[in-house]
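> Before we start, here is the structure in question, set down as structure tokens.
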Amino acid sequence: DIGQIFPDSDPKWKGAASSVFIKEAVRLMDEAGYEIGNLDATLILQRPKISPHKETIRSNLSKLLGADPSVVNLKAKTHEKVDSLGENRSIAAHTVILLMKK
């Protein structure tokens with residue numbers, strides 16, 4: 001539960017870069033004796049187009065996670081101009097991670 005690990009009532013998380021949250025999650029994962037088996041992420045947005053940046057994003061995620069790039073998959077799709085996602089007023093990310101005991 002993200003609210004238990006990173007409560008919005010704790011000022012230390014206010015305004016923190018997303019990399020800080022990822023690093024803390026990786027630390028907790030490692031401490032619990034797990035490693036990443038694979039990660040599959042889908043970004044949902046109209047703009048900007050992700051394809052020119054896909055490998056850079058994937059590489060940065062791999063480094064932050066301490067995972068081999070071969071286990072990190074990133075894809076993007078649009079929302080066909082439906083609701084706030086399709087109207088380019090918001091973006092969404094869906095991520096599934098397989099954790100494996102070390």
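Identifiers in the structure tokens: chain A, B, ... in order shown; residue index from 1 per chain; ligand index from 1 in order shown.
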If you run DSSP on this backbone, which residues of chain A come out as strand (DSSP E), and could you give them as a list of chain:residue names?

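Checking each residue of chain A, the strand (DSSP E) ones are A:Tyr34, A:Glu35, A:Ile36, A:Gly37, A:Asn38, A:Leu39, A:Asp40, A:Ala41, A:Thr42, A:Leu43, A:Ile44, A:Val72, A:Asn73, A:Leu74, A:Lys75, A:Ala76, A:Lys77, A:Ala92, A:Ala93, A:His94, A:Thr95, A:Val96, A:Ile97, A:Leu98, A:Leu99, A:Met100, A:Lys101.
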
> Could you pull out the alpha helix (DSSP H) residues of chain A from DSSP and send them as JSON, numbers by chain?

{"A": [2, 3, 4, 5, 18, 19, 20, 21, 22, 23, 24, 25, 26, 27, 28, 29, 30, 31, 54, 55, 56, 57, 58, 59, 60, 61, 62, 63, 64, 65, 83, 84, 85, 86]}

> When you count only C-alpha atoms, which of these residues is closest to A:Asn88: A:Ile5, A:Lys14, A:Leu45, A:Glu31?

A:Leu45

> List as a CSV table (one decimal) with all heavy atoms, in the first residue's frame the protein and nucleic acid residues near A:Asp68, meaning an atom at most 10 Å away when only C-alpha atoms are counted, but skip any in the same chain fewer than 4 places from it.


```csv
chain,number,residue,atom,x,y,z
A,36,ILE,N,13.9,-8.3,-8.8
A,36,ILE,CA,13.0,-8.2,-9.9
A,36,ILE,C,13.2,-9.3,-10.9
A,36,ILE,O,14.3,-9.5,-11.4
A,36,ILE,CB,13.1,-6.8,-10.6
A,36,ILE,CG1,12.7,-5.7,-9.6
A,36,ILE,CG2,12.3,-6.7,-11.9
A,36,ILE,CD1,12.9,-4.3,-10.1
A,37,GLY,N,12.1,-10.0,-11.2
A,37,GLY,CA,12.1,-11.0,-12.2
A,37,GLY,C,11.9,-10.4,-13.6
A,37,GLY,O,12.6,-10.6,-14.5
A,38,ASN,N,10.9,-9.5,-13.6
A,38,ASN,CA,10.6,-8.7,-14.8
A,38,ASN,C,9.7,-7.5,-14.5
A,38,ASN,O,9.0,-7.6,-13.4
A,38,ASN,CB,10.2,-9.5,-16.0
A,38,ASN,CG,8.8,-10.1,-15.9
A,38,ASN,OD1,8.1,-9.8,-14.9
A,38,ASN,ND2,8.4,-11.0,-16.7
A,59,SER,N,16.3,2.5,-20.0
A,59,SER,CA,17.7,2.4,-19.4
A,59,SER,C,17.7,3.1,-18.0
A,59,SER,O,18.3,2.5,-17.1
A,59,SER,CB,18.7,3.1,-20.3
A,59,SER,OG,19.9,3.2,-19.8
A,61,LEU,N,15.1,3.4,-16.0
A,61,LEU,CA,14.4,2.6,-15.1
A,61,LEU,C,15.3,1.4,-14.6
A,61,LEU,O,15.3,1.1,-13.4
A,61,LEU,CB,13.1,2.0,-15.8
A,61,LEU,CG,11.9,2.8,-15.6
A,61,LEU,CD1,10.8,2.2,-16.5
A,61,LEU,CD2,11.4,2.9,-14.2
A,62,SER,N,15.9,0.8,-15.6
A,62,SER,CA,16.8,-0.4,-15.2
A,62,SER,C,17.9,0.0,-14.2
A,62,SER,O,18.1,-0.7,-13.3
A,62,SER,CB,17.5,-0.9,-16.5
A,62,SER,OG,16.6,-1.3,-17.4
A,63,LYS,N,18.5,1.2,-14.4
A,63,LYS,CA,19.5,1.6,-13.5
A,63,LYS,C,18.9,1.9,-12.1
A,63,LYS,O,19.5,1.5,-11.1
A,63,LYS,CB,20.2,2.9,-14.0
A,63,LYS,CG,21.1,2.6,-15.2
A,63,LYS,CD,21.7,3.9,-15.7
A,63,LYS,CE,22.4,3.6,-17.0
A,63,LYS,NZ,22.7,4.8,-17.8
A,72,VAL,N,13.2,-5.4,-18.3
A,72,VAL,CA,12.3,-4.2,-18.2
A,72,VAL,C,11.7,-3.9,-19.6
A,72,VAL,O,12.4,-3.7,-20.6
A,72,VAL,CB,13.2,-2.9,-17.8
A,72,VAL,CG1,12.3,-1.7,-17.8
A,72,VAL,CG2,13.8,-3.2,-16.4
```

> Between A:Ala32, A:Gln46, A:Lys54, A:Leu64, which has the minimum distance to A:Ser18 (counting only C-alpha atoms)?

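Result for the nearest residue to A:Ser18: A:Leu64.
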
> Using only C-alpha atoms, which residues sit within 10 Å of stretch 76-86 of chain A once same-chain residues fewer than 6 positions away are excluded, as a list in words?

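Listing them by chain and then by number gives Ala41, Thr42, Leu43, Ile44, Leu45, Gln46, Arg47, Lys49, Ile50, Ser51, Lys54, Ala92 and Ala93 of chain A.
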
> Taking N, CA and C atoms for each residue, export the selection above as a short mmCIF file (atom, residue, chain, number, x, y, z; two decimals), in the first residue's frame.


```
data_model
loop_
_atom_site.label_atom_id
_atom_site.label_comp_id
_atom_site.auth_asym_id
_atom_site.auth_seq_id
_atom_site.Cartn_x
_atom_site.Cartn_y
_atom_site.Cartn_z
N ALA A 41 5.67 -2.16 -18.08
CA ALA A 41 5.03 -0.86 -17.85
C ALA A 41 4.35 -0.37 -19.12
N THR A 42 3.15 0.17 -18.93
CA THR A 42 2.41 0.77 -20.03
C THR A 42 2.11 2.21 -19.67
N LEU A 43 2.54 3.12 -20.51
CA LEU A 43 2.22 4.54 -20.35
C LEU A 43 1.05 4.86 -21.26
N ILE A 44 0.06 5.57 -20.73
CA ILE A 44 -1.12 5.93 -21.51
C ILE A 44 -1.18 7.45 -21.60
N LEU A 45 -0.97 7.96 -22.79
CA LEU A 45 -0.95 9.41 -23.01
C LEU A 45 -1.09 9.71 -24.50
N GLN A 46 -1.58 10.88 -24.81
CA GLN A 46 -1.69 11.31 -26.20
C GLN A 46 -0.36 11.87 -26.70
N ARG A 47 0.22 12.73 -25.90
CA ARG A 47 1.49 13.38 -26.26
C ARG A 47 2.32 13.53 -25.00
N LYS A 49 4.95 11.75 -27.90
CA LYS A 49 5.18 10.40 -28.38
C LYS A 49 6.38 9.84 -27.61
N ILE A 50 6.23 8.63 -27.12
CA ILE A 50 7.26 8.01 -26.29
C ILE A 50 8.35 7.34 -27.11
N SER A 51 8.03 6.87 -28.30
CA SER A 51 8.99 6.06 -29.06
C SER A 51 10.38 6.68 -29.19
N LYS A 54 11.94 6.00 -25.67
CA LYS A 54 11.69 4.71 -25.03
C LYS A 54 12.95 4.06 -24.46
N ALA A 92 -1.38 8.31 -17.56
CA ALA A 92 -1.49 7.19 -16.61
C ALA A 92 -0.36 6.21 -16.89
N ALA A 93 0.00 5.47 -15.86
CA ALA A 93 1.01 4.42 -16.01
C ALA A 93 0.51 3.18 -15.27
#
```

> Excluding A:Ile97 and its own-chain neighbours fewer than 2 positions away, which residues fall within 12 Å of it when counting only C-alpha atoms? Please give them as a PyMOL selection string.

chain A and resi 26+29+34-42+65+67+71-74+94-95+99-100
